[in-house]
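Novice: Data: input30.cif, mmCIF, C-alpha atoms and all ligand atoms.
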```
data_structure
#
loop_
_atom_site.label_atom_id
_atom_site.label_comp_id
_atom_site.auth_asym_id
_atom_site.auth_seq_id
_atom_site.Cartn_x
_atom_site.Cartn_y
_atom_site.Cartn_z
CA MET A 30 -22.64 -11.00 118.41
CA ASN A 31 -23.51 -14.26 116.76
CA LEU A 32 -27.20 -14.55 117.41
CA ASP A 33 -27.98 -17.06 114.69
CA LYS A 34 -26.76 -20.20 116.47
CA ILE A 35 -29.02 -19.96 119.51
CA SER A 36 -31.35 -22.91 120.09
CA ARG A 37 -35.08 -22.47 120.78
CA LYS A 38 -34.51 -23.59 124.41
CA ASP A 39 -31.82 -20.96 124.90
CA LEU A 40 -34.10 -18.45 123.20
CA TYR A 41 -36.79 -19.11 125.82
CA ASP A 42 -34.29 -18.34 128.60
CA ILE A 43 -33.12 -15.22 126.80
CA LEU A 44 -36.67 -13.90 126.42
CA CYS A 45 -37.43 -14.44 130.11
CA ASN A 46 -34.15 -13.16 131.51
CA MET A 47 -33.16 -10.29 129.24
CA PRO A 48 -33.62 -6.77 130.65
CA LYS A 49 -36.64 -5.03 129.12
CA ALA A 50 -39.21 -2.27 129.57
CA GLU A 51 -43.00 -2.49 129.51
CA LEU A 52 -44.77 0.48 127.90
CA HIS A 53 -48.37 -0.69 127.54
CA ILE A 54 -49.94 -2.05 130.72
CA HIS A 55 -53.29 -0.87 132.13
CA ILE A 56 -52.89 -1.25 135.87
CA GLU A 57 -56.60 -2.03 136.31
CA GLY A 58 -55.97 -4.89 133.86
CA SER A 59 -53.41 -6.38 136.25
CA LEU A 60 -56.07 -6.96 138.92
CA GLU A 61 -56.02 -10.73 139.40
CA PRO A 62 -59.26 -12.50 140.40
CA GLU A 63 -57.74 -13.41 143.80
CA LEU A 64 -57.05 -9.76 144.70
CA LEU A 65 -60.34 -8.70 143.11
CA PHE A 66 -62.24 -11.01 145.50
CA GLU A 67 -60.09 -9.88 148.44
CA LEU A 68 -60.86 -6.21 147.73
CA ALA A 69 -64.57 -6.95 147.27
CA THR A 70 -64.61 -8.54 150.73
CA ARG A 71 -62.52 -5.73 152.22
CA ASN A 72 -64.91 -3.11 150.82
CA GLY A 73 -68.19 -4.98 151.35
CA ILE A 74 -68.97 -5.25 147.64
CA LEU A 75 -71.19 -8.05 146.37
CA LEU A 76 -69.85 -9.53 143.13
CA PRO A 77 -72.07 -11.21 140.54
CA TYR A 78 -69.68 -14.23 140.67
CA ALA A 79 -69.59 -16.66 143.59
CA THR A 80 -66.10 -18.07 143.02
CA ILE A 81 -62.79 -17.27 141.35
CA PRO A 82 -63.25 -20.01 138.69
CA GLU A 83 -66.70 -18.58 137.92
CA LEU A 84 -65.17 -15.13 137.43
CA ARG A 85 -62.36 -16.55 135.28
CA ALA A 86 -64.92 -18.37 133.15
CA ALA A 87 -66.42 -14.97 132.27
CA TYR A 88 -63.09 -13.96 130.67
CA ASP A 89 -64.16 -15.27 127.30
CA PHE A 90 -64.18 -12.25 125.04
CA THR A 91 -65.49 -11.77 121.52
CA ASP A 92 -64.12 -8.26 120.91
CA LEU A 93 -62.77 -5.17 122.70
CA GLN A 94 -66.17 -4.06 124.04
CA SER A 95 -66.99 -7.46 125.57
CA PHE A 96 -63.69 -7.20 127.48
CA LEU A 97 -64.17 -3.55 128.51
CA ASP A 98 -67.58 -4.32 130.08
CA ILE A 99 -65.99 -6.87 132.45
CA TYR A 100 -62.82 -4.84 132.99
CA TYR A 101 -64.72 -1.71 134.15
CA ALA A 102 -66.99 -3.85 136.36
CA GLY A 103 -63.91 -5.48 137.94
CA ALA A 104 -62.37 -2.05 138.65
CA GLY A 105 -65.45 -1.33 140.80
CA VAL A 106 -63.84 -3.12 143.77
CA LEU A 107 -61.14 -0.41 144.00
CA GLN A 108 -62.29 2.09 146.62
CA ASN A 109 -59.46 3.31 148.82
CA GLU A 110 -55.87 4.43 148.32
CA GLU A 111 -54.70 1.16 149.83
CA ASP A 112 -56.57 -0.81 147.14
CA PHE A 113 -54.79 1.05 144.35
CA PHE A 114 -51.50 0.57 146.17
CA ASP A 115 -52.03 -3.19 146.57
CA MET A 116 -52.92 -3.62 142.88
CA ALA A 117 -49.91 -1.66 141.63
CA TRP A 118 -47.52 -3.25 144.14
CA ALA A 119 -48.58 -6.74 142.99
CA TYR A 120 -47.80 -5.81 139.37
CA LEU A 121 -44.46 -4.19 140.21
CA LYS A 122 -43.28 -7.21 142.22
CA ARG A 123 -44.20 -9.42 139.26
CA ALA A 124 -42.44 -7.05 136.85
CA LYS A 125 -39.24 -7.36 138.90
CA THR A 126 -39.25 -11.17 138.53
CA GLU A 127 -39.63 -10.77 134.74
CA HIS A 128 -36.50 -8.58 134.46
CA ILE A 129 -38.49 -5.46 133.64
CA LEU A 130 -36.26 -2.50 134.47
CA HIS A 131 -38.85 0.15 133.66
CA ALA A 132 -42.66 0.30 133.28
CA GLU A 133 -44.86 3.11 131.96
CA ILE A 134 -48.23 2.35 133.50
CA PHE A 135 -51.67 3.39 132.22
CA PHE A 136 -54.65 4.00 134.45
CA ASP A 137 -58.22 5.13 133.78
CA PRO A 138 -59.11 7.97 136.20
CA GLN A 139 -62.56 8.58 134.68
CA THR A 140 -63.83 5.10 135.48
CA HIS A 141 -63.02 5.72 139.15
CA MET A 142 -64.20 9.33 139.27
CA ALA A 143 -67.57 8.24 137.84
CA ARG A 144 -67.89 6.07 140.98
CA GLY A 145 -67.10 9.00 143.27
CA ILE A 146 -63.44 8.07 143.88
CA PRO A 147 -61.29 11.24 143.83
CA PHE A 148 -58.29 11.42 141.48
CA LYS A 149 -56.14 12.01 144.57
CA THR A 150 -57.08 8.60 146.05
CA VAL A 151 -56.17 6.82 142.80
CA ILE A 152 -52.89 8.57 142.07
CA ASN A 153 -51.62 8.56 145.64
CA GLY A 154 -52.08 4.79 145.90
CA LEU A 155 -50.37 4.15 142.56
CA ASP A 156 -47.60 6.65 143.22
CA ARG A 157 -46.81 5.15 146.62
CA ALA A 158 -46.39 1.70 145.05
CA ILE A 159 -44.06 3.15 142.42
CA SER A 160 -41.94 4.92 145.04
CA GLN A 161 -41.68 1.71 147.05
CA ALA A 162 -40.70 -0.21 143.88
CA ARG A 163 -37.94 2.29 143.20
CA GLU A 164 -36.59 2.00 146.74
CA GLU A 165 -37.08 -1.68 147.49
CA LEU A 166 -36.89 -3.32 144.06
CA GLY A 167 -34.66 -0.89 142.14
CA LEU A 168 -37.40 -0.79 139.49
CA SER A 169 -38.26 2.39 137.60
CA ALA A 170 -41.90 3.19 136.77
CA SER A 171 -44.07 6.14 135.81
CA LEU A 172 -47.78 6.82 135.35
CA ILE A 173 -49.89 7.80 132.32
CA PRO A 174 -53.59 8.56 132.90
CA CYS A 175 -55.76 7.78 129.85
CA PHE A 176 -58.86 9.56 128.61
CA LEU A 177 -61.80 7.24 127.96
CA ARG A 178 -62.70 7.72 124.30
CA HIS A 179 -66.30 6.52 124.70
CA LEU A 180 -66.91 9.64 126.84
CA SER A 181 -66.98 13.24 125.56
CA GLU A 182 -64.06 15.59 125.10
CA ASP A 183 -65.61 17.87 127.76
CA ASP A 184 -65.42 14.92 130.14
CA ALA A 185 -61.73 14.52 129.25
CA PHE A 186 -61.13 18.22 129.96
CA ALA A 187 -62.81 17.82 133.37
CA ALA A 188 -60.58 14.81 134.14
CA LEU A 189 -57.51 16.82 133.11
CA GLU A 190 -58.50 19.61 135.52
CA ASP A 191 -58.76 17.09 138.35
CA ALA A 192 -55.37 15.62 137.44
CA LEU A 193 -53.37 18.83 137.09
CA PRO A 194 -52.84 19.47 140.82
CA PHE A 195 -50.88 16.16 140.73
CA ARG A 196 -48.90 17.06 137.60
CA ASP A 197 -45.60 15.92 139.18
CA LYS A 198 -46.94 12.37 139.61
CA PHE A 199 -47.55 11.54 135.91
CA ILE A 200 -45.53 11.95 132.74
CA GLY A 201 -48.15 12.15 130.01
CA VAL A 202 -51.63 11.20 128.84
CA GLY A 203 -53.10 8.41 126.73
CA LEU A 204 -56.36 7.54 125.01
CA ASP A 205 -58.08 4.19 125.48
CA SER A 206 -61.44 2.34 125.66
CA SER A 207 -63.88 1.66 122.78
CA GLU A 208 -62.09 2.58 119.58
CA ARG A 209 -64.62 2.10 116.78
CA GLY A 210 -66.79 5.19 116.32
CA ASN A 211 -64.55 7.24 118.64
CA PRO A 212 -61.84 8.56 116.31
CA PRO A 213 -58.79 10.51 117.50
CA GLU A 214 -60.16 13.84 116.18
CA LYS A 215 -62.81 13.74 118.95
CA PHE A 216 -59.94 14.54 121.38
CA ALA A 217 -57.86 16.98 119.30
CA ARG A 218 -58.47 20.00 121.57
CA VAL A 219 -57.72 18.24 124.86
CA PHE A 220 -54.56 16.69 123.42
CA ALA A 221 -53.51 20.15 122.14
CA ARG A 222 -53.91 21.45 125.71
CA CYS A 223 -51.86 18.55 127.12
CA ARG A 224 -49.19 19.25 124.55
CA GLU A 225 -49.03 22.91 125.65
CA LEU A 226 -48.62 21.66 129.20
CA GLY A 227 -45.56 19.66 128.16
CA LEU A 228 -47.14 16.26 128.75
CA ARG A 229 -45.96 13.24 126.76
CA LEU A 230 -48.66 11.95 124.38
CA VAL A 231 -49.69 8.42 123.42
CA ALA A 232 -52.91 6.98 121.99
CA HIS A 233 -54.46 3.60 121.32
CA ALA A 234 -55.07 3.44 117.56
CA GLY A 235 -55.47 0.72 114.97
CA GLU A 236 -56.31 -2.03 117.48
CA GLU A 237 -59.84 -2.59 116.13
CA GLY A 238 -59.98 0.73 114.28
CA PRO A 239 -58.63 1.42 110.78
CA ALA A 240 -55.17 2.59 109.71
CA GLU A 241 -56.68 6.06 109.27
CA TYR A 242 -57.06 6.32 113.07
CA ILE A 243 -53.30 5.78 113.40
CA ARG A 244 -52.60 8.55 110.89
CA HIS A 245 -55.01 10.85 112.72
CA ALA A 246 -53.50 10.00 116.12
CA LEU A 247 -50.15 11.13 114.70
CA ASP A 248 -51.32 14.17 112.71
CA LEU A 249 -54.18 15.49 114.86
CA LEU A 250 -53.19 14.40 118.37
CA HIS A 251 -49.40 14.45 117.84
CA ALA A 252 -49.11 11.10 119.59
CA GLU A 253 -45.45 10.14 120.07
CA ARG A 254 -46.19 6.42 120.38
CA ILE A 255 -49.07 4.34 119.06
CA ASP A 256 -50.61 1.73 121.34
CA HIS A 257 -51.35 -1.43 119.32
CA GLY A 258 -51.21 0.02 115.78
CA VAL A 259 -51.44 -3.42 114.19
CA HIS A 260 -53.84 -2.20 111.49
CA SER A 261 -51.04 -0.01 110.12
CA LEU A 262 -50.21 -2.93 107.85
CA ASP A 263 -53.36 -2.18 105.80
CA ASP A 264 -51.69 1.04 104.59
CA PRO A 265 -48.24 0.59 102.98
CA GLN A 266 -47.54 4.35 103.02
CA LEU A 267 -48.24 4.44 106.75
CA VAL A 268 -45.91 1.49 107.34
CA ALA A 269 -43.16 3.35 105.46
CA ARG A 270 -43.80 6.47 107.53
CA LEU A 271 -43.78 4.65 110.88
CA ALA A 272 -40.46 3.05 109.93
CA GLN A 273 -38.92 6.22 108.55
CA GLN A 274 -39.93 8.36 111.55
CA GLN A 275 -39.27 5.52 114.03
CA ILE A 276 -42.66 5.94 115.67
CA PRO A 277 -42.91 3.12 118.21
CA LEU A 278 -45.83 0.67 118.29
CA THR A 279 -46.64 -0.96 121.64
CA ILE A 280 -48.00 -4.31 120.49
CA CYS A 281 -49.79 -6.71 122.86
CA PRO A 282 -49.94 -10.14 121.18
CA LEU A 283 -51.96 -12.12 123.76
CA SER A 284 -54.47 -9.26 124.02
CA ASN A 285 -54.86 -9.22 120.23
CA VAL A 286 -55.71 -12.92 120.17
CA LYS A 287 -58.07 -12.77 123.21
CA LEU A 288 -59.96 -9.84 121.67
CA ARG A 289 -59.95 -11.57 118.27
CA VAL A 290 -57.95 -8.96 116.40
CA PHE A 291 -56.00 -12.01 115.12
CA SER A 292 -57.32 -15.56 114.98
CA SER A 293 -54.14 -16.94 116.59
CA LEU A 294 -50.61 -15.90 117.52
CA SER A 295 -49.30 -17.60 114.39
CA ALA A 296 -51.50 -15.22 112.34
CA HIS A 297 -50.06 -12.14 114.12
CA ASN A 298 -48.32 -9.51 111.97
CA ILE A 299 -45.68 -8.46 114.52
CA GLY A 300 -42.87 -10.20 112.59
CA THR A 301 -43.87 -8.37 109.40
CA LEU A 302 -44.01 -5.00 111.16
CA LEU A 303 -40.61 -5.62 112.74
CA ALA A 304 -39.11 -6.70 109.41
CA ALA A 305 -40.49 -3.48 107.86
CA GLY A 306 -38.18 -1.55 110.21
CA ILE A 307 -40.84 -0.26 112.61
CA ALA A 308 -39.83 0.27 116.27
CA VAL A 309 -42.11 -2.48 117.55
CA THR A 310 -42.30 -3.39 121.26
CA ILE A 311 -44.03 -6.30 123.06
CA ASN A 312 -46.33 -5.58 126.01
CA SER A 313 -49.02 -7.25 128.13
CA ASP A 314 -51.95 -4.73 128.00
CA ASP A 315 -54.22 -6.35 130.65
CA PRO A 316 -52.31 -9.39 131.90
CA ALA A 317 -54.88 -10.59 134.45
CA TYR A 318 -57.48 -10.87 131.69
CA PHE A 319 -55.48 -12.00 128.67
CA GLY A 320 -53.57 -15.01 129.96
CA GLY A 321 -50.12 -13.72 130.73
CA TYR A 322 -47.66 -11.10 131.84
CA LEU A 323 -44.89 -9.67 129.71
CA ASN A 324 -42.59 -12.70 129.50
CA ARG A 325 -45.45 -14.94 128.46
CA ASN A 326 -46.29 -12.46 125.70
CA TYR A 327 -42.68 -12.79 124.48
CA THR A 328 -42.39 -16.57 124.78
CA ALA A 329 -45.80 -17.45 123.31
CA THR A 330 -45.28 -15.07 120.38
CA PHE A 331 -41.79 -16.41 119.62
CA ALA A 332 -43.06 -19.99 119.93
CA ALA A 333 -45.79 -19.26 117.37
CA LEU A 334 -43.68 -17.32 114.86
CA PRO A 335 -40.59 -19.12 113.54
CA GLU A 336 -39.30 -15.93 111.90
CA LEU A 337 -38.58 -14.52 115.37
CA GLY A 338 -35.19 -15.47 116.82
CA ALA A 339 -32.52 -14.07 119.13
CA ARG A 340 -31.85 -11.14 116.83
CA GLU A 341 -35.50 -10.06 117.10
CA ALA A 342 -35.47 -10.65 120.88
CA TYR A 343 -32.59 -8.19 121.18
CA GLN A 344 -34.27 -5.70 118.85
CA LEU A 345 -37.59 -5.80 120.74
CA ALA A 346 -35.92 -5.28 124.13
CA ARG A 347 -33.76 -2.49 122.71
CA ASN A 348 -36.84 -0.84 121.19
CA SER A 349 -38.62 -1.01 124.55
CA PHE A 350 -35.89 1.12 126.15
CA GLN A 351 -35.51 3.40 123.14
CA ALA A 352 -39.28 4.09 123.01
CA SER A 353 -39.56 4.89 126.73
CA PHE A 354 -40.02 8.42 128.06
CA VAL A 355 -36.81 8.66 130.10
CA ASP A 356 -33.64 10.70 129.61
CA GLU A 357 -31.27 9.55 126.89
CA SER A 358 -28.55 8.87 129.45
CA ILE A 359 -30.79 6.40 131.32
CA LYS A 360 -31.89 4.73 128.06
CA ASN A 361 -28.25 4.30 127.12
CA GLU A 362 -27.44 2.78 130.50
CA TRP A 363 -30.23 0.20 130.09
CA ILE A 364 -29.20 -0.56 126.50
CA ARG A 365 -25.64 -1.11 127.73
CA GLU A 366 -27.03 -3.56 130.29
CA LEU A 367 -28.93 -5.33 127.49
CA ASP A 368 -25.77 -5.51 125.36
CA GLU A 369 -23.87 -7.01 128.29
CA PHE A 370 -26.62 -9.59 128.80
CA PHE A 371 -26.38 -10.66 125.16
CA SER A 372 -22.59 -10.80 125.07
CA GLY A 373 -22.70 -12.88 128.29
CA MET A 374 -25.17 -15.24 126.62
CA GLU A 375 -22.94 -15.54 123.57
CA GLN A 376 -19.94 -16.48 125.67
CA GLU A 377 -21.97 -19.06 127.52
CA LEU A 378 -23.19 -20.54 124.26
CA THR A 379 -19.89 -20.51 122.37
CA PRO A 380 -17.70 -23.55 123.25
CA ALA A 381 -14.40 -22.43 124.78
CA PRO A 382 -11.37 -22.97 122.50
CA ASN A 383 -9.64 -26.25 123.48
CA ASN A 384 -6.07 -24.91 123.06
CA GLY A 385 -5.24 -27.64 120.54
CA LYS A 386 -5.79 -30.49 123.06
N1 LIG B 401 -57.87 -1.18 124.26
C1 LIG B 401 -58.56 -0.11 124.61
N2 LIG B 401 -58.80 0.21 125.86
C2 LIG B 401 -58.31 -0.57 126.83
C3 LIG B 401 -57.57 -1.69 126.52
C4 LIG B 401 -57.33 -2.01 125.17
O1 LIG B 401 -56.68 -3.00 124.79
N3 LIG B 401 -57.23 -2.25 127.70
C5 LIG B 401 -57.74 -1.48 128.68
N4 LIG B 401 -58.40 -0.47 128.15
ZN ZN B 402 -54.29 -1.08 125.94
#
```
Let's see the structure in the file written out as structure tokens.

Specialist:
Amino acid sequence: MNLDKISRKDLYDILCNMPKAELHIHIEGSLEPELLFELATRNGILLPYATIPELRAAYDFTDLQSFLDIYYAGAGVLQNEEDFFDMAWAYLKRAKTEHILHAEIFFDPQTHMARGIPFKTVINGLDRAISQAREELGLSASLIPCFLRHLSEDDAFAALEDALPFRDKFIGVGLDSSERGNPPEKFARVFARCRELGLRLVAHAGEEGPAEYIRHALDLLHAERIDHGVHSLDDPQLVARLAQQQIPLTICPLSNVKLRVFSSLSAHNIGTLLAAGIAVTINSDDPAYFGGYLNRNYTATFAALPELGAREAYQLARNSFQASFVDESIKNEWIRELDEFFSGMEQELTPAPNNGK
């Protein structure tokens, strides 16, 4: 494949149209203001914002915590199974238009359980949307409940108990919420239990927290993928290890800029991490709050970083399939589809031989 001759315009089309997976999306973070207002009306909830523009104006974050405060408040409009279905269905329909073949979707059961919403209500709504996406859209998706790290480990154990009767409806567990001051070791016992249960393990680490949190997520939690992980670059030995062991990072560029982890996309370290041989992926995190879904994360990042070209586009999409929690045979099928997309692009871009005329 000759990927070096592709123009920036063609690159934009490639990024939007290539098959890809999304591995770091919080479904509560896909709740658009329009649906948020609709659900508030449906459920008789009074919001502290009179209009959609007023709500959007509040999406001006200074750090992770300033975002989380608004994000948890927004999730308060979700009351019934139908609400969770509508939110997930909206995301899955959008994912289909962005050529996402597979999504591994986070949700935060504890934020809903604290409001008296049973785990069953949450997971049944999300699971129904996923089943419908499989049947009607041909899109594959699975669920990963996350423990809230600002709460206690006992709280996480209680959430796990509530989740286990629905074990067949989720593939693993994650760890999210306020990172600083809530290190991975706080959750070592509950992750050990999840590991015994055969659940897949991921954890947010090194978003705002130090590189040490990434090492501890790997060594103490046995996380198989690191969500964010951008602070790994502060520790050269860790970078070498991530590359050598091919531990995927699910990076969310627009999120990182909105939450001021980086001052701008052009200051982002994703190109450096990719060049170091790490299995980096691009993801949207909380698209309704951070200014874009997956394709916008790709296009804005590539527009800001000249070192990213078609070769990196291919690598990132390939990594997204490789890092997913599906059977090898399915991964290989998707990677074959990706290869076909790129060879089709190459043919389109290479002028046909003129047979000597
Ligand atoms: N970090 C931590 N917790 C979260 C995030 C995030 O980016 N999004 C939703 N919950
Ligand atoms: Zn996240």

Novice: Can I get the residues close to ligand LIG 401 (chain B) as a list in words, where close means within 6 Å and we count only C-alpha atoms and all ligand atoms?

Specialist: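 Checked against 6 Å with only C-alpha atoms and all ligand atoms; the hits are His55, Asp205, Ser206, Ser207, Asp314 and Asp315 of chain A.
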
Novice: Anything within 8 Å of (-41.3, -2.4, 119.9): list those residues as a PyMOL selection string, counting all atoms listed in the file and sticking to the file's coordinates.

Specialist: chain A and resi 277-280+303+307-311+344-346+348-349+352

Novice: Hey, which of A:Glu237, A:Glu253, A:Trp363, A:Ala342 ends up closest to A:Asn324? Count only C-alpha atoms.

Specialist: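 Ranked by minimum distance to A:Asn324, first place goes to A:Ala342.
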
Novice: Got a sec to check which residues lie within 10 Å of ligand ZN 402 (chain B), using only C-alpha atoms and all ligand atoms, and send them as a list in words?

Specialist: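 Using only C-alpha atoms and all ligand atoms, I find these residues within 10 Å of ligand ZN 402 (chain B): Leu52, His53, Ile54, His55, Gly58, Leu93, Phe135, Phe136, Cys175, Gly203, Leu204, Asp205, Ser206, Ala232, His233, Ala234, Glu236, Asp256, His257, Thr279, Ile280, Cys281, Ser284, Asn285, Asn312, Ser313, Asp314 and Asp315 of chain A.
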
Novice: Output C-alpha atoms of each residue in that selection to a file, as a PDB file, in the coordinates of the input.

Specialist:
```
ATOM      1  CA  LEU A  52     -44.770   0.480 127.900  1.00  0.00           C
ATOM      2  CA  HIS A  53     -48.370  -0.690 127.540  1.00  0.00           C
ATOM      3  CA  ILE A  54     -49.940  -2.050 130.720  1.00  0.00           C
ATOM      4  CA  HIS A  55     -53.290  -0.870 132.130  1.00  0.00           C
ATOM      5  CA  GLY A  58     -55.970  -4.890 133.860  1.00  0.00           C
ATOM      6  CA  LEU A  93     -62.770  -5.170 122.700  1.00  0.00           C
ATOM      7  CA  PHE A 135     -51.670   3.390 132.220  1.00  0.00           C
ATOM      8  CA  PHE A 136     -54.650   4.000 134.450  1.00  0.00           C
ATOM      9  CA  CYS A 175     -55.760   7.780 129.850  1.00  0.00           C
ATOM     10  CA  GLY A 203     -53.100   8.410 126.730  1.00  0.00           C
ATOM     11  CA  LEU A 204     -56.360   7.540 125.010  1.00  0.00           C
ATOM     12  CA  ASP A 205     -58.080   4.190 125.480  1.00  0.00           C
ATOM     13  CA  SER A 206     -61.440   2.340 125.660  1.00  0.00           C
ATOM     14  CA  ALA A 232     -52.910   6.980 121.990  1.00  0.00           C
ATOM     15  CA  HIS A 233     -54.460   3.600 121.320  1.00  0.00           C
ATOM     16  CA  ALA A 234     -55.070   3.440 117.560  1.00  0.00           C
ATOM     17  CA  GLU A 236     -56.310  -2.030 117.480  1.00  0.00           C
ATOM     18  CA  ASP A 256     -50.610   1.730 121.340  1.00  0.00           C
ATOM     19  CA  HIS A 257     -51.350  -1.430 119.320  1.00  0.00           C
ATOM     20  CA  THR A 279     -46.640  -0.960 121.640  1.00  0.00           C
ATOM     21  CA  ILE A 280     -48.000  -4.310 120.490  1.00  0.00           C
ATOM     22  CA  CYS A 281     -49.790  -6.710 122.860  1.00  0.00           C
ATOM     23  CA  SER A 284     -54.470  -9.260 124.020  1.00  0.00           C
ATOM     24  CA  ASN A 285     -54.860  -9.220 120.230  1.00  0.00           C
ATOM     25  CA  ASN A 312     -46.330  -5.580 126.010  1.00  0.00           C
ATOM     26  CA  SER A 313     -49.020  -7.250 128.130  1.00  0.00           C
ATOM     27  CA  ASP A 314     -51.950  -4.730 128.000  1.00  0.00           C
ATOM     28  CA  ASP A 315     -54.220  -6.350 130.650  1.00  0.00           C
TER      29      ASP A 315
END
```

Novice: For the atom pair atom CA of A:Asp156 and atom CA of A:Ala192, what is the interatomic distance in Å to one decimal place?

Specialist: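 Between atom CA of A:Asp156 and atom CA of A:Ala192 the gap works out to 13.2 Å.
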
Novice: Which polymer residues have any atom within 8 Å of an atom of A:Asp33, counting only C-alpha atoms, with same-chain residues fewer than 3 positions away left out, as a ChimeraX atom specification?

Specialist: /A:338-340

Novice: Can you tell me how far atom CA of A:Ala217 sits from atom CA of A:Val202, in Å to one decimal?

Specialist: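 Distance between the two atoms: 12.8 Å.
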
Novice: Write out as a ChimeraX atom specification each polymer residue whose atoms come within 9 Å of stretch 104-117 of chain A, counting only C-alpha atoms; drop sequence neighbours fewer than 4 positions from it.

Specialist: /A:56-61,64-66,68-74,76,99-100,121-122,140-141,144,146,149-159

Novice: Here is a test: counting all atoms listed in the file, which residue of A:His297, A:His179, A:Gly167, A:Asp197 is nearest to A:Leu226?

Specialist: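 So, comparing all the options, the nearest one is A:Asp197.
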
Novice: Please return as a list of chain:residue names every residue within 9 Å of (-62.1, 18.6, 121.1), taking into account only C-alpha atoms and the file's own coordinates.

Specialist: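 Protein and nucleic acid residues near the point are A:Ser181, A:Glu182, A:Asp183, A:Phe186, A:Glu214, A:Lys215, A:Phe216, A:Ala217, A:Arg218, A:Val219, A:Phe220, A:Ala221.
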
Novice: Could you jot down the atom CA of A:Gln274 to atom CA of A:Ile299 separation for me, Å, one decimal place?

Specialist: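 Pair atom CA of A:Gln274 / atom CA of A:Ile299 returns 18.0 Å.
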
Novice: I'd like to know which of A:Gly321, A:Pro48, A:Gly210, A:Pro82 is closest to A:Pro62, using all atoms listed in the file.

Specialist: A:Pro82

Novice: Find the residue from A:Phe96, A:Leu271, A:Gly103, A:Lys49 that sits nearest to A:Tyr78; use all atoms listed in the file when measuring.

Specialist: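 Smallest distance to A:Tyr78 is found for A:Gly103.
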
Novice: Applying 8 Å and only C-alpha atoms, which residues near A:Asp92 remain after dropping the ones on its own chain fewer than 2 positions away? List them as a ChimeraX atom specification.

Specialist: /A:90,94-96,287-290

Novice: So, with all atoms listed in the file as the atoms that count, which of A:Asp356, A:Tyr343, A:Val268, A:Arg209 lies closest to A:Glu369?

Specialist: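 The answer is A:Tyr343, which sits nearest to A:Glu369.
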
Novice: For stretch 371-377 of chain A, please output as JSON, numbers by chain all residues within 12 Å (counting all atoms listed in the file; exclusion window: fewer than 3 positions along the same chain).

Specialist: {"A": [30, 31, 32, 33, 34, 35, 36, 39, 40, 42, 43, 44, 46, 47, 48, 339, 340, 342, 343, 344, 346, 347, 364, 365, 366, 367, 368, 380, 381, 382]}

Novice: Output C-alpha atoms for every residue in the selection just made, as a PDB file, in the coordinates of the input.

Specialist:
```
ATOM      1  CA  MET A  30     -22.640 -11.000 118.410  1.00  0.00           C
ATOM      2  CA  ASN A  31     -23.510 -14.260 116.760  1.00  0.00           C
ATOM      3  CA  LEU A  32     -27.200 -14.550 117.410  1.00  0.00           C
ATOM      4  CA  ASP A  33     -27.980 -17.060 114.690  1.00  0.00           C
ATOM      5  CA  LYS A  34     -26.760 -20.200 116.470  1.00  0.00           C
ATOM      6  CA  ILE A  35     -29.020 -19.960 119.510  1.00  0.00           C
ATOM      7  CA  SER A  36     -31.350 -22.910 120.090  1.00  0.00           C
ATOM      8  CA  ASP A  39     -31.820 -20.960 124.900  1.00  0.00           C
ATOM      9  CA  LEU A  40     -34.100 -18.450 123.200  1.00  0.00           C
ATOM     10  CA  ASP A  42     -34.290 -18.340 128.600  1.00  0.00           C
ATOM     11  CA  ILE A  43     -33.120 -15.220 126.800  1.00  0.00           C
ATOM     12  CA  LEU A  44     -36.670 -13.900 126.420  1.00  0.00           C
ATOM     13  CA  ASN A  46     -34.150 -13.160 131.510  1.00  0.00           C
ATOM     14  CA  MET A  47     -33.160 -10.290 129.240  1.00  0.00           C
ATOM     15  CA  PRO A  48     -33.620  -6.770 130.650  1.00  0.00           C
ATOM     16  CA  ALA A 339     -32.520 -14.070 119.130  1.00  0.00           C
ATOM     17  CA  ARG A 340     -31.850 -11.140 116.830  1.00  0.00           C
ATOM     18  CA  ALA A 342     -35.470 -10.650 120.880  1.00  0.00           C
ATOM     19  CA  TYR A 343     -32.590  -8.190 121.180  1.00  0.00           C
ATOM     20  CA  GLN A 344     -34.270  -5.700 118.850  1.00  0.00           C
ATOM     21  CA  ALA A 346     -35.920  -5.280 124.130  1.00  0.00           C
ATOM     22  CA  ARG A 347     -33.760  -2.490 122.710  1.00  0.00           C
ATOM     23  CA  ILE A 364     -29.200  -0.560 126.500  1.00  0.00           C
ATOM     24  CA  ARG A 365     -25.640  -1.110 127.730  1.00  0.00           C
ATOM     25  CA  GLU A 366     -27.030  -3.560 130.290  1.00  0.00           C
ATOM     26  CA  LEU A 367     -28.930  -5.330 127.490  1.00  0.00           C
ATOM     27  CA  ASP A 368     -25.770  -5.510 125.360  1.00  0.00           C
ATOM     28  CA  PRO A 380     -17.700 -23.550 123.250  1.00  0.00           C
ATOM     29  CA  ALA A 381     -14.400 -22.430 124.780  1.00  0.00           C
ATOM     30  CA  PRO A 382     -11.370 -22.970 122.500  1.00  0.00           C
TER      31      PRO A 382
END
```

Novice: Pick out the closest residue to A:Leu97 from this set: A:Glu63, A:Glu336, A:Asp137, A:Glu190. Count all atoms listed in the file.

Specialist: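 The answer is A:Asp137, which sits nearest to A:Leu97.
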